[in-house]
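Accompanying notes for the structure given below.
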Amino acid sequence: MKESFFRSMTWMHTWVGLLVCWLLYLVFFAGTISFFRDEVTLWNQPALHSLQAPQERIALQREQIIAGVDYLKATAPESGRWGIYLPTEREPQLNYAFEKPRPEGRRFGGWQDYYINPKTGESLQQPRETKGGNFFYRLHFDLHYIDVRTARWIVCFASLFMLVALISGVVIHKRIFKDMFSFRKNKGSRSWLDGHNVSSVLALPFHIMITYTGLITLIFMLFPYPAMTAYDDGIRGFFNDVTPTNVRTKSSDVPAPLTAIDNVLDQIYTNWPNADLTRFSIKDPNKASATITVRASTGTLVRDQTPTMLFNGVDGSLIAKSVDEYSSTEVFYDSLTALHTGRLANPLLRWLYFLCGVAGCIMIATGCIMWAKRIRERMKKDQKASFGLKLVEGLNLATLMGLPLATCAFFIANRLLPVGITQRADKEILAFFITWLAVALFSLFKRAKMQWYLLAWVNAVACVSVPLINALTTKGSIVSYLLNSQWALFSFDLVCLVCALLFVLQAKKLRTQLNSPAANTRSNRVNKNSLVEQKG
Amino acid sequence: MYAQPVNKVPTRNPLIKLKMACKANVYALCVVSRFSAAIVGGYIFTAVFTSLLSLILPLKKSDAVLLSISLTIFVYSCVFIWAFAVKSLKTIWITILLTSSACGLSIALLKDWL
Amino acid sequence: MIELLQFSLCLLAFNCFALAKFNHYRDVFKTRPSQQQSQWFLISAWISILLSLLLCIVEHQGYGGLLFCGYMALSVLLLMIFYSFKAAWVKYMSAVNVILLVISGSYIAIY
């Protein structure tokens with residue numbers, strides 16, 4: 001469309017990126033945090049902080065299941081669903097849950113949890129109601145306050161734009177190998193360009209992978225057509241073919257005693273000798289239509305489908321089992337989802353995923369800022385900023401400074417909101433959005449360097465407050481976490497402190513620039529060719 | 001950036017002003033058309049092409065669907081980029097319409113809908 | 001330990017890739033590299049990176065591939081920081097890198 005392929009790609013990269021960069025920043029920001037979703041949820045529930053993983057976590061699972069079924073039989077014999085959630089490496093608590101009475105017209109009545117310390121077998125105090133890391137997880141594809149399907153369509157198209165921007169970015173970055181380690185500081189928009197290039201290139205495989213696989217996780221909403229064309233009964237036919245353990249059965253009201261669990265467990269361990277079970281759920285217990293579903297962990301396999309077995313709840317016979325041998329296409333598709341969710345990652349890989357996610361956030365942030373800076377550098381002395389420029393600068397300030405602040409507000413609300421209030425989880429989320437809105441309104445008025453400087457300090461204070469308020473309101477603190485080897489909690493507080501430090505550094509840098517406006521950019525007069533960095 | 005027309009010389013001549021307004025609008029229209037071709041046209045092409053793939057791939061049915069679904073995003077992004085790489089808008093629209101119709105027709109024939 | 005070896009190899013590889021380039025070599029050694037020196041750096045870089053990838057895949061298969069991509073990201077980040085901000089310290093960093101590599105390599109070899 002432009003004179004050359006290269007210029008067309010540059011134009012497309014800029015505009016495709018600019019149209020959705022703030023939404024993408026939200027998606028990447030929330031997504032990066034949700035790599036540590038279990039750890040964040042744990043931090044949000046101080047009642048579970050004292051839990052320690054027992055030595056033989058897997059060996060205890062059989063007894064835990066039997067005890068769980070006994071407890072649920074005694075406590076909730078009429079409930080529609082029972083769920084026994086076994087402790088994992090990242091979630092230390094044992095949970096016997098049952099479905100609360102189902103309201104009219106709803107498909108599910110919500111879980112009533114009952115937490116147990118897996119080491120001692122004692123019941124735990126009910127932790128405070130919070131969404132924790134699951135809020136960020138859902139935020140990054142369901143957004144919030146809008147219809148889930150609409151949100152997913154929006155996020156899908158934004159991700160498609162991101163993928164196109166990544167590919168075109170590689171195409172237009174001619175000096176990709178020469179400039180891999182280059183970062184020229186204090187050169188105005190050139191420094192921002194270097195920052196954008198470095199953060200994109202250093203985690204390029206990750207960025208392409210996460211965007212592509214992210215779209216694949218929502219692919220049946222985006223493109224149900226292949227399944228609809230190939231199968232006569234449409235997409236449901238496809239799902240029944242591929243996951244035989246997910247067959248939906250009709251509930252019946254006829255009472256029937258539940259089968260002996262020992263029998264079911266024997267069958268499980270015969271099929272899977274050293275299984276690490278994660279979930280044991282019973283649908284319609286004590287009824288004729290009872291079914292038992294058992295899931296096991298995939299460990300570090302690059303696979304998403306959990307090995308599942310489906311039993312008849314009345315006679316204990318095996319109805320369906322997930323396939324042991326998958327075809328190479330199934331493995332390929334499955335690994336795509338597994339790559340995105342990263343559930344397989346152990347701590348080292350998980351931190352590397354997190355690092356790459358942060359690089360993604362920096363890539364998007366530097367892109368937005370660089371665009372605005374370039375326009376500013378090209379403006380003549382008395383020229384007024386266009387509406388578009390003001391809009392971009394406002395959105396930059398609101399999103400890049402607003403989201404971290406909102407996140408801190410979410411965690412502070414978790415500690416400060418009274419434990420017993422209704423809809424506590426929703427109120428924590430409201431604190432997040434109100435803070436973000438406040439920053440957005442603030443940037444509506446002015447969005448110059450001074451405002452960035454002020455918000456940098458506010459963010460620094462907020463980040464420091466999170467571990468501080470934690471220490472003041474709970475029994476633990478960053479020091480006690482270190483001494484007791486509670487690494488998840490220690491890392492959380494440490495990351496908050498590191499972020500605070502980064503915001504202080506940002507504030508100091510902005511202060512220097514505010515004090516000496518003439519010296520900060522060496523490229524005040526930027527010519528057209530600088531967009532196309534040094535040919536060859 | 002390339003989005004705004006560079007010519008900002010003030011003029012009083014209403015004819016030239018009208019010409020410039022038309023030019024600016026034509027440019028905007030071209031941009032909208034190109035994005036539509038990329039987004040909507042690309043979506044339609046990807047949908048019919050991958051549906052056709054799921055019918056003709058020599059694998060078992062569920063595998064064919066899984067593989068074609070895994071390739072949808074790759075196809076979509078290629079079409080998207082192609083829509084911006086080719087100079088002529090006419091070529092883009094005609095190609096997308098023709099190929100989508102051809103794929104759609106093939107599917108209809110294969111599934112005995114016609 | 002094996003992770004340390006895999007990472008050290010990866011870091012060494014990218015360091016060699018950087019030093020094979022005229023501008024980075026000059027930042028560290030203050031002279032131009034000769035054609036042969038650049039060639040040696042390139043060859044060592046490729047050997048090192050392929051060795052790192054091999055170790056990752058052999059040890060952890062698919063999971064190892066992911067770890068390798070993560071090591072690449074971390075290596076590029078570290079080297080970017082050193083070359084852009086503290087070029088004078090690159091020599092010390094490289095020395096530490098080689099020492100860690102030797103230590104982890106010997107540990108694996110012995111046990």
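Following the order of the structure tokens, first chain is A, next is B, and so on, with residues numbered from 1 inside each chain and ligands from 1 in the order they appear.
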For this session: Residues of chain B near chain A: apply a cut-off of 6 Å, count only C-alpha atoms, and supply the list as a PyMOL selection string.
Result: chain B and resi 51+54-55+63+65+77+85+87
7 Å contact set for Val28 (chain C), only C-alpha atoms, chain neighbours under 5 positions out, as a PDB file with N, CA, C and O atoms, in the first residue's frame:
```pdb
ATOM      1  N   ALA C  87      30.085  -1.858  30.199  1.00  0.00           N
ATOM      2  CA  ALA C  87      30.896  -2.645  29.273  1.00  0.00           C
ATOM      3  C   ALA C  87      32.202  -3.084  29.909  1.00  0.00           C
ATOM      4  O   ALA C  87      32.753  -4.127  29.595  1.00  0.00           O
ATOM      5  N   ALA C  88      32.696  -2.287  30.853  1.00  0.00           N
ATOM      6  CA  ALA C  88      33.967  -2.618  31.500  1.00  0.00           C
ATOM      7  C   ALA C  88      33.878  -3.890  32.320  1.00  0.00           C
ATOM      8  O   ALA C  88      34.880  -4.564  32.560  1.00  0.00           O
ATOM      9  N   VAL C  90      32.229  -6.592  31.520  1.00  0.00           N
ATOM     10  CA  VAL C  90      31.938  -7.790  30.723  1.00  0.00           C
ATOM     11  C   VAL C  90      33.001  -8.860  30.934  1.00  0.00           C
ATOM     12  O   VAL C  90      32.693 -10.042  31.032  1.00  0.00           O
TER      13      VAL C  90
END
```
Exercise. Which residue out of C:Ser106, C:Tyr63, C:Val98, C:Trp40 has the minimum interatomic distance to Arg303 (chain A) when only C-alpha atoms are used?
Worked result: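 Nearest to Arg303 (chain A): C:Tyr63.
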Exercise. If you count only C-alpha atoms, which residues fall within 7 Å of region 65-72 of chain C, apart from same-chain ones fewer than 2 positions away, as a PyMOL selection string?
Worked result: (chain A and resi 349+352-353) or (chain C and resi 7+10+53+56-57+61-63+74-76)
Please dump the current selection as a PDB file, in the first residue's frame; keep N, CA and C atoms.
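To be explicit, this is the file written out as selection.pdb:
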```
ATOM      1  N   LEU A 349      11.146 -22.669  35.665  1.00  0.00           N
ATOM      2  CA  LEU A 349      10.492 -22.326  34.395  1.00  0.00           C
ATOM      3  C   LEU A 349       9.400 -21.283  34.616  1.00  0.00           C
ATOM      4  N   LEU A 352      10.890 -17.963  34.680  1.00  0.00           N
ATOM      5  CA  LEU A 352      11.297 -17.582  33.330  1.00  0.00           C
ATOM      6  C   LEU A 352      10.089 -17.145  32.501  1.00  0.00           C
ATOM      7  N   TYR A 353       8.968 -17.856  32.648  1.00  0.00           N
ATOM      8  CA  TYR A 353       7.726 -17.448  31.987  1.00  0.00           C
ATOM      9  C   TYR A 353       7.354 -16.037  32.446  1.00  0.00           C
TER      10      TYR A 353
ATOM     11  N   PHE C   7      22.332 -23.210  31.557  1.00  0.00           N
ATOM     12  CA  PHE C   7      22.248 -21.757  31.465  1.00  0.00           C
ATOM     13  C   PHE C   7      23.611 -21.134  31.177  1.00  0.00           C
ATOM     14  N   CYS C  10      24.444 -21.373  27.625  1.00  0.00           N
ATOM     15  CA  CYS C  10      23.625 -20.452  26.834  1.00  0.00           C
ATOM     16  C   CYS C  10      24.178 -19.024  26.943  1.00  0.00           C
ATOM     17  N   LEU C  53      21.202 -26.510  24.157  1.00  0.00           N
ATOM     18  CA  LEU C  53      19.901 -27.013  23.706  1.00  0.00           C
ATOM     19  C   LEU C  53      19.845 -28.527  23.852  1.00  0.00           C
ATOM     20  N   CYS C  56      19.357 -29.576  27.417  1.00  0.00           N
ATOM     21  CA  CYS C  56      17.986 -29.304  27.859  1.00  0.00           C
ATOM     22  C   CYS C  56      17.028 -30.375  27.362  1.00  0.00           C
ATOM     23  N   ILE C  57      17.145 -30.721  26.087  1.00  0.00           N
ATOM     24  CA  ILE C  57      16.202 -31.685  25.514  1.00  0.00           C
ATOM     25  C   ILE C  57      16.438 -33.071  26.088  1.00  0.00           C
ATOM     26  N   GLN C  61      13.247 -33.318  27.791  1.00  0.00           N
ATOM     27  CA  GLN C  61      12.446 -33.372  26.553  1.00  0.00           C
ATOM     28  C   GLN C  61      11.709 -32.049  26.272  1.00  0.00           C
ATOM     29  N   GLY C  62      10.392 -32.117  26.074  1.00  0.00           N
ATOM     30  CA  GLY C  62       9.647 -30.919  25.678  1.00  0.00           C
ATOM     31  C   GLY C  62       9.790 -29.799  26.681  1.00  0.00           C
ATOM     32  N   TYR C  63       9.716 -30.149  27.959  1.00  0.00           N
ATOM     33  CA  TYR C  63       9.890 -29.180  29.035  1.00  0.00           C
ATOM     34  C   TYR C  63      11.239 -28.483  28.900  1.00  0.00           C
ATOM     35  N   LEU C  74      16.815 -14.840  29.349  1.00  0.00           N
ATOM     36  CA  LEU C  74      17.581 -14.342  30.493  1.00  0.00           C
ATOM     37  C   LEU C  74      18.994 -13.956  30.068  1.00  0.00           C
ATOM     38  N   SER C  75      19.612 -14.758  29.189  1.00  0.00           N
ATOM     39  CA  SER C  75      20.971 -14.454  28.725  1.00  0.00           C
ATOM     40  C   SER C  75      21.004 -13.123  27.985  1.00  0.00           C
ATOM     41  N   VAL C  76      20.047 -12.963  27.046  1.00  0.00           N
ATOM     42  CA  VAL C  76      20.045 -11.723  26.273  1.00  0.00           C
ATOM     43  C   VAL C  76      19.830 -10.528  27.193  1.00  0.00           C
TER      44      VAL C  76
END
```
Problem set entry | Residue contacts of Thr31 (chain C) (12 Å, only C-alpha atoms) excluding same-chain residues fewer than 6 positions away, as a ChimeraX atom specification | /C:19,21-25,37
Exercise. Quick one: which residues from chain A are at most 12 Å off chain C, using only C-alpha atoms, as a PyMOL selection string?
Worked result: chain A and resi 177-186+191+194-195+197-210+299-303+331-332+335-336+338-340+342-360
Problem set entry | Within 12 Å of Phe136 (chain A) using only C-alpha atoms, minus same-chain residues under 3 positions, as a PyMOL selection string | chain A and resi 26-38+40-41+130-133+139-144+403+406-407+410-411+429+432
Exercise. Which of region 267-393 of chain A counts as strand (DSSP E) under DSSP, as a PyMOL selection string please?
Worked result: chain A and resi 277-283+291-296+308-312+318-321
Problem set entry | Residue among B:Ala37, B:Cys78, B:Leu53, B:Leu15 lying closest to Lys90 (chain B), counting only C-alpha atoms |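 Result for the nearest residue to Lys90 (chain B): B:Ala37.
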For this session: Pick out the closest residue to Pro33 (chain C) from this set: C:Ile110, C:Ala20, C:Leu11, C:Leu55. Count only C-alpha atoms.
Result: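 For Pro33 (chain C), the nearest of the given residues is C:Ala20.
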Exercise. Which of region 12-99 of chain B counts as alpha helix (DSSP H) under DSSP, as a ChimeraX atom specification please?
Worked result: /B:14-36,42-56,61-85,89-99
Exercise. Could you pull the residues within 10 Å of Leu100 (chain C), counting only C-alpha atoms, minus those fewer than 4 positions along the same chain, as a list in words?
Worked result: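 The residues that qualify are Leu4, Leu5, Phe7, Ser8, Leu9, Ser94, Ala95, Val96, Ser104, Gly105 and Ser106 of chain C.
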For this session: Would you mind listing what lies within 10 Å of Arg376 (chain A) as a count of residues only, with only C-alpha atoms counted and same-chain residues fewer than 5 positions away left out?
Result: 8
